[in-house]
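Heads up, input.txt below (compact mmCIF, C-alpha atoms):
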# COMPACT_ATOMS: atom_id res chain seq x y z
CA MET X 873 60.02 214.27 182.97
CA SER X 874 61.22 212.20 180.05
CA PRO X 875 58.69 209.92 178.33
CA ALA X 876 58.66 206.25 179.37
CA LYS X 877 60.57 203.92 177.09
CA LYS X 878 58.27 201.65 175.10
CA PRO X 879 58.95 197.89 175.10
CA GLY X 880 61.32 197.03 172.28
CA ALA X 881 62.34 200.64 171.84
CA GLU X 882 66.05 201.37 171.49
CA PRO X 883 68.18 204.43 172.21
CA ALA X 884 68.56 206.82 169.33
CA ALA X 885 71.65 206.11 167.27
CA ASP X 886 73.04 209.61 167.76
CA SER X 887 72.85 209.24 171.55
CA GLN X 888 75.70 206.70 171.58
CA PRO X 889 79.33 207.00 170.48
CA ALA X 890 79.99 205.56 167.03
CA ASP X 891 82.45 202.94 168.31
CA SER X 892 79.92 201.77 170.92
CA GLN X 893 77.26 201.39 168.24
CA GLY X 894 79.69 199.40 166.11
CA VAL X 895 80.57 197.00 168.91
CA ARG X 896 76.90 196.51 169.76
CA SER X 897 76.06 195.75 166.11
CA VAL X 898 78.84 193.16 165.93
CA GLN X 899 77.66 191.55 169.16
CA ARG X 900 74.11 191.37 167.85
CA ALA X 901 75.23 189.89 164.53
CA VAL X 902 77.23 187.21 166.35
CA GLU X 903 74.23 186.48 168.58
CA ILE X 904 72.06 185.93 165.50
CA LEU X 905 74.59 183.59 163.87
CA SER X 906 74.93 181.70 167.16
CA LEU X 907 71.24 180.79 167.00
CA LEU X 908 72.01 178.44 164.11
CA SER X 909 72.89 174.88 165.09
CA GLU X 910 72.67 171.30 163.88
CA GLU X 911 69.28 171.09 165.56
CA ARG X 912 68.18 174.40 164.00
CA PRO X 913 69.94 174.90 160.63
CA VAL X 914 67.31 177.38 159.42
CA ILE X 915 65.97 180.33 161.40
CA SER X 916 63.22 182.84 160.66
CA ILE X 917 62.97 186.53 161.43
CA ARG X 918 60.26 185.80 163.99
CA GLU X 919 62.47 183.26 165.78
CA ILE X 920 65.37 185.72 165.87
CA VAL X 921 63.15 188.45 167.34
CA GLU X 922 61.86 186.05 170.00
CA ALA X 923 65.33 184.74 170.89
CA THR X 924 67.14 188.09 171.01
CA GLY X 925 64.41 190.46 172.17
CA LEU X 926 65.48 192.94 169.50
CA ALA X 927 63.01 195.07 167.56
CA LYS X 928 61.92 193.49 164.28
CA THR X 929 63.27 196.42 162.26
CA THR X 930 66.68 195.98 163.90
CA VAL X 931 66.66 192.25 163.19
CA ILE X 932 65.74 192.78 159.55
CA ARG X 933 68.53 195.33 159.14
CA LEU X 934 71.12 193.02 160.71
CA VAL X 935 69.95 189.99 158.74
CA GLN X 936 70.12 191.93 155.48
CA THR X 937 73.68 193.01 156.26
CA LEU X 938 74.70 189.44 157.12
CA GLU X 939 73.09 188.21 153.90
CA GLN X 940 74.84 190.84 151.81
CA ASN X 941 78.16 189.71 153.24
CA GLY X 942 77.50 186.03 152.58
CA LEU X 943 77.10 185.05 156.24
CA LEU X 944 73.41 184.16 155.88
CA TRP X 945 71.54 182.73 152.91
CA ALA X 946 67.83 183.36 152.32
CA ALA X 947 65.65 180.24 151.99
CA PRO X 948 61.87 179.85 151.59
CA ASN X 949 61.44 179.08 155.31
CA GLY X 950 64.08 181.38 156.78
CA TYR X 951 67.84 181.86 156.69
CA LEU X 952 70.64 179.30 156.37
CA PRO X 953 74.36 179.69 157.16
CA GLY X 954 75.92 181.57 154.26
CA PRO X 955 78.69 180.41 151.89
CA ARG X 956 81.32 182.73 153.38
CA LEU X 957 81.04 180.80 156.66
CA TRP X 958 82.14 177.68 154.77
CA ARG X 959 85.42 179.37 153.81
CA TRP X 960 86.01 180.45 157.39
CA ALA X 961 85.07 177.00 158.69
CA HIS X 962 87.59 175.41 156.33
CA LEU X 963 90.27 177.83 157.54
CA ALA X 964 89.41 177.15 161.18
CA ARG X 965 89.48 173.40 160.62
CA SER X 966 92.91 173.51 159.01
CA SER X 967 94.22 175.82 161.75
CA TRP X 968 92.89 173.65 164.59
CA GLU X 969 93.45 170.23 163.07
CA LEU X 970 95.23 167.80 165.34
CA PRO X 971 98.59 166.37 164.34
CA PRO X 972 98.24 162.79 162.98
CA GLU X 973 100.00 161.31 166.03
CA THR X 974 97.57 163.01 168.43
CA ARG X 975 94.56 161.78 166.46
CA ARG X 976 96.01 158.27 166.59
CA TYR X 977 96.55 158.50 170.35
CA MET X 978 92.90 159.48 170.83
CA ARG X 979 91.62 156.76 168.48
CA ASP X 980 93.67 154.08 170.21
CA LEU X 981 92.57 155.25 173.65
CA GLY X 982 88.91 155.25 172.61
CA ALA X 983 89.26 151.77 171.12
CA ARG X 984 90.87 150.40 174.31
CA ARG X 985 88.49 151.97 176.80
CA ARG X 986 85.32 152.22 174.67
CA GLU X 987 84.39 155.56 176.24
CA THR X 988 84.29 159.02 174.66
CA VAL X 989 87.67 160.75 174.47
CA ASN X 990 87.66 164.56 174.49
CA LEU X 991 90.35 167.20 174.28
CA TYR X 992 89.43 170.55 175.86
CA MET X 993 91.06 173.96 175.93
CA LEU X 994 90.36 177.12 177.92
CA ARG X 995 88.47 180.06 176.49
CA ASP X 996 87.68 182.70 179.06
CA ILE X 997 85.33 181.06 181.61
CA TYR X 998 84.58 178.10 179.34
CA ARG X 999 86.24 174.93 178.16
CA VAL X 1000 86.01 174.27 174.45
CA CYS X 1001 85.97 170.79 172.95
CA VAL X 1002 88.59 170.91 170.20
CA ALA X 1003 88.71 167.19 169.36
CA GLN X 1004 86.74 164.05 170.11
CA GLN X 1005 86.79 160.31 169.62
CA GLU X 1006 83.23 159.15 170.23
CA SER X 1007 82.48 156.00 172.20
CA PRO X 1008 81.24 153.05 170.10
CA GLN X 1009 78.71 152.10 172.80
CA PRO X 1010 74.98 152.91 172.39
CA LEU X 1011 74.86 154.70 175.77
CA ARG X 1012 77.62 157.28 175.61
CA HIS X 1013 78.57 160.86 176.33
CA VAL X 1014 78.55 163.12 173.27
CA VAL X 1015 79.99 166.63 173.07
CA HIS X 1016 80.33 168.22 169.67
CA VAL X 1017 83.64 169.71 168.59
CA GLY X 1018 83.36 173.46 169.16
CA ASP X 1019 80.94 173.15 172.08
CA GLU X 1020 81.66 175.41 175.04
CA LEU X 1021 81.04 173.98 178.50
CA PRO X 1022 81.24 175.76 181.86
CA LEU X 1023 84.39 175.58 183.96
CA TRP X 1024 82.69 175.51 187.36
CA ALA X 1025 82.49 171.70 187.42
CA GLY X 1026 83.77 168.59 185.69
CA ALA X 1027 87.00 166.64 185.63
CA SER X 1028 88.40 168.50 182.63
CA SER X 1029 87.82 171.85 184.34
CA LYS X 1030 89.82 170.72 187.37
CA ALA X 1031 92.73 169.76 185.11
CA LEU X 1032 92.55 172.89 182.95
CA LEU X 1033 92.43 175.32 185.87
CA ARG X 1034 95.61 174.09 187.56
CA ASP X 1035 97.54 177.24 186.65
CA ALA X 1036 94.57 179.62 186.72
CA PRO X 1037 94.93 182.93 188.60
CA ASP X 1038 92.56 183.75 191.44
CA SER X 1039 90.86 186.38 189.30
CA LEU X 1040 89.77 183.74 186.77
CA LEU X 1041 88.59 181.37 189.49
CA ARG X 1042 86.41 184.13 190.92
CA ARG X 1043 84.84 184.78 187.55
CA VAL X 1044 84.23 181.06 187.03
CA ALA X 1045 82.64 180.81 190.48
CA VAL X 1046 80.37 183.81 189.84
CA SER X 1047 79.16 182.13 186.63
CA SER X 1048 78.23 178.97 188.55
CA PRO X 1049 74.90 178.19 190.26
CA TYR X 1050 76.72 178.49 193.59
CA GLY X 1051 78.05 182.05 193.38
CA GLU X 1052 81.42 183.48 194.38
CA GLY X 1053 81.65 181.19 197.40
CA HIS X 1054 82.30 178.33 194.96
CA VAL X 1055 85.91 179.52 194.68
CA LYS X 1056 86.89 177.54 197.79
CA ARG X 1057 85.53 174.29 196.38
CA LEU X 1058 87.15 174.96 193.00
CA ARG X 1059 90.52 175.47 194.66
CA GLU X 1060 90.12 172.25 196.65
CA TRP X 1061 89.27 170.31 193.50
CA ILE X 1062 92.18 171.81 191.58
CA ASP X 1063 94.69 171.15 194.36
CA GLU X 1064 93.51 167.55 194.73
CA ALA X 1065 93.79 166.95 190.97
CA ALA X 1066 97.25 168.54 190.85
CA HIS X 1067 98.43 166.38 193.78
CA ARG X 1068 97.46 163.04 192.24
CA GLY X 1069 97.93 164.01 188.59
CA TRP X 1070 94.35 163.43 187.44
CA ALA X 1071 90.80 164.55 188.16
CA VAL X 1072 87.47 162.78 188.38
CA SER X 1073 83.86 163.94 188.48
CA HIS X 1074 80.58 162.14 189.08
CA GLY X 1075 77.37 163.96 188.26
CA GLU X 1076 78.78 167.42 188.99
CA ARG X 1077 77.34 169.02 185.87
CA GLU X 1078 74.93 166.35 184.62
CA ASP X 1079 73.36 163.58 186.69
CA GLY X 1080 74.60 160.15 185.68
CA LEU X 1081 77.66 161.46 183.85
CA SER X 1082 81.23 160.79 184.97
CA ALA X 1083 84.62 161.74 183.61
CA VAL X 1084 88.32 161.32 184.29
CA ALA X 1085 90.77 163.93 182.98
CA VAL X 1086 94.46 164.76 182.96
CA PRO X 1087 96.36 167.88 181.91
CA VAL X 1088 98.33 168.10 178.67
CA LEU X 1089 101.43 170.24 179.17
CA GLY X 1090 103.18 172.61 176.81
CA ARG X 1091 106.89 173.35 176.44
CA SER X 1092 106.91 175.60 179.50
CA GLY X 1093 105.28 172.96 181.69
CA THR X 1094 101.98 174.84 181.93
CA VAL X 1095 98.62 173.26 181.18
CA VAL X 1096 97.51 173.83 177.59
CA ALA X 1097 94.70 171.27 177.35
CA ALA X 1098 92.83 168.55 179.20
CA LEU X 1099 92.40 165.00 177.90
CA SER X 1100 89.40 163.09 179.23
CA LEU X 1101 87.38 159.90 179.14
CA SER X 1102 83.68 160.34 179.88
CA GLY X 1103 80.54 158.23 179.98
CA PRO X 1104 77.69 156.95 182.17
CA THR X 1105 78.53 156.87 185.88
CA VAL X 1106 77.55 153.18 186.11
CA ARG X 1107 80.63 152.38 184.00
CA PHE X 1108 82.98 154.47 186.17
CA PRO X 1109 83.50 152.58 189.47
CA ASP X 1110 86.60 153.51 191.50
CA ASP X 1111 88.81 150.69 190.24
CA VAL X 1112 88.00 151.49 186.61
CA VAL X 1113 88.54 155.22 187.22
CA GLU X 1114 92.10 154.49 188.39
CA GLN X 1115 92.75 152.42 185.26
CA TYR X 1116 91.40 155.20 183.07
CA ALA X 1117 93.56 157.75 184.90
CA ALA X 1118 96.72 155.70 184.33
CA ASP X 1119 95.92 155.30 180.64
CA LEU X 1120 95.12 158.99 180.22
CA ARG X 1121 98.33 160.05 181.95
CA GLN X 1122 100.38 157.88 179.60
CA VAL X 1123 98.68 159.26 176.50
CA ALA X 1124 98.92 162.86 177.74
CA ALA X 1125 102.63 162.37 178.45
CA GLU X 1126 103.15 161.14 174.90
CA MET X 1127 101.31 164.18 173.57
CA SER X 1128 103.33 166.52 175.81
CA GLU X 1129 106.62 164.90 174.83
CA ARG X 1130 106.08 166.11 171.27
CA GLY X 1131 107.17 169.44 172.69
CA PHE X 1132 104.52 171.68 171.19
CA ASP X 1133 103.40 174.85 172.97
CA HIS X 1134 99.89 174.45 171.62
CA PRO X 1135 98.39 170.96 171.37
CA LEU X 1136 97.03 171.63 167.90
CA SER X 1137 100.11 173.20 166.37
CA PRO X 1138 102.45 171.16 164.17
CA ALA X 1139 105.56 169.63 165.67
CA ARG X 1140 108.71 171.74 165.34
Take the structure in the file and write it out as structure tokens.
Amino acid sequence: MSPAKKPGAEPAADSQPADSQGVRSVQRAVEILSLLSEERPVISIREIVEATGLAKTTVIRLVQTLEQNGLLWAAPNGYLPGPRLWRWAHLARSSWELPPETRRYMRDLGARRRETVNLYMLRDIYRVCVAQQESPQPLRHVVHVGDELPLWAGASSKALLRDAPDSLLRRVAVSSPYGEGHVKRLREWIDEAAHRGWAVSHGEREDGLSAVAVPVLGRSGTVVAALSLSGPTVRFPDDVVEQYAADLRQVAAEMSERGFDHPLSPAR
């Protein structure tokens, strides 16, 4: 009988293929970096151990490697994002920067409607906010650029998933609080949004939050992004929702007419 595994103990390195060990190390390193945020710009070894469940020796080894490669920076109270991340962030920003016309469309829409304007794209079973024009009102919906939100609810999800295969819808449903049976509701939402050209949600993901969204199409006519207006439900009565939908459809059409395959790529 083999001895019981102690809490925090890990399989011996030589018991796993080298490529598997490498992938696991990369995943763990990414998990550590992901713990850093605007709310938590510095993180300690103890906090990493508590958040990841990894052994302290493993955490120390990973942190040292990240520090040596400039991805973390040692500070008196923990570790900060390292300088190499700044170079990558600059590259990502320039690669994902919106064309000037698209930024203007979003600014003008936000100024007219005084609600938060977001542009989302698909990434696996998530929607990623790639651009935002924040509402000027004190009570507003705020999503940070780069935030990943679930696809199982929300107006933008209904617009983004219009061309999604059944396999993706099943995975989205499984990730939801409702399980695989949620596929039927997702399909109903998507079909309804496709029929009328826009989607709406009221409190589906967060109580008191509403949104209206429309698809942004690429050259091939497929959905490449979703443009939305979002804010407190009290400011989204039915008549206003229809006005927002009409405005969003006009702006999305102007964006689509630029003829780009990717909404963040330069015009050709």
Report task. Could you tell me which of X:Val1095, X:Leu938, X:Met978, X:Val898 comes closest to Asp1035 of chain X if we count only C-alpha atoms? Result -> X:Val1095
**Report entry** Top pick for closest residue to Pro1049 of chain X, considering X:Leu1023, X:Met1127, X:Ala1071, X:Val1086 and counting only C-alpha atoms
**Finding:** X:Leu1023
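If only C-alpha atoms are the atoms counted, then among X:Gly1026, X:Gly1080, X:Pro971, X:Gly950 the closest residue to Ser1100 of chain X is X:Gly1026.
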Requested in this report: State, in Å with one decimal place, the distance from atom CA of Leu1033 of chain X to atom CA of Ser1073 of chain X.
Outcome: 14.5 Å
**Report entry** Of the listed residues X:Lys1056, X:Ala1097, X:Arg1042, X:Ile904, that which approaches Leu991 of chain X most closely, counting only C-alpha atoms
**Finding:** X:Ala1097
**Report entry** Using all atoms listed in the file: which of X:Gly942, X:Arg976, X:Gln1005, X:Leu1089 has the shortest distance to Trp960 of chain X
**Finding:** X:Gly942
Report task. Please provide the set of residues having any atom within 12 Å of segment 1060-1068 of chain X, restricted to only C-alpha atoms, with same-chain residues fewer than 3 positions apart removed, written as a PyMOL selection string. Result -> chain X and resi 1023-1038+1041+1054-1057+1071-1073+1076+1084-1087+1094-1095+1098+1114+1117-1118+1121
Requested in this report: Find, counting all atoms listed in the file, the residue in X:Pro1010, X:Leu934, X:His962, X:Ser909 that gets nearest to Val921 of chain X.
Outcome: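 Closest to Val921 of chain X, using all atoms listed in the file: X:Leu934.
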Query raised in the report: Counting all atoms listed in the file, what is within 6 Å of Gly1018 of chain X, bar same-chain residues fewer than 6 positions away, as a PyMOL selection string?
Result: chain X and resi 1000-1002
Report task. Can you work out the spacing between atom CA of Ser1048 of chain X and atom CA of Arg896 of chain X in Å, to one decimal? Result ->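 Pair atom CA of Ser1048 of chain X / atom CA of Arg896 of chain X returns 25.7 Å.
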Report task. Find the residues around segment 956-959 of chain X up to 10 Å (all atoms listed in the file counted), leave out those fewer than 6 positions away in its own chain, and share them as a list of chain:residue names. Result ->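 Residues near the query, excluding close chain neighbours: X:Glu939, X:Asn941, X:Gly942, X:Leu943, X:Leu944, X:Trp945, X:Arg965.
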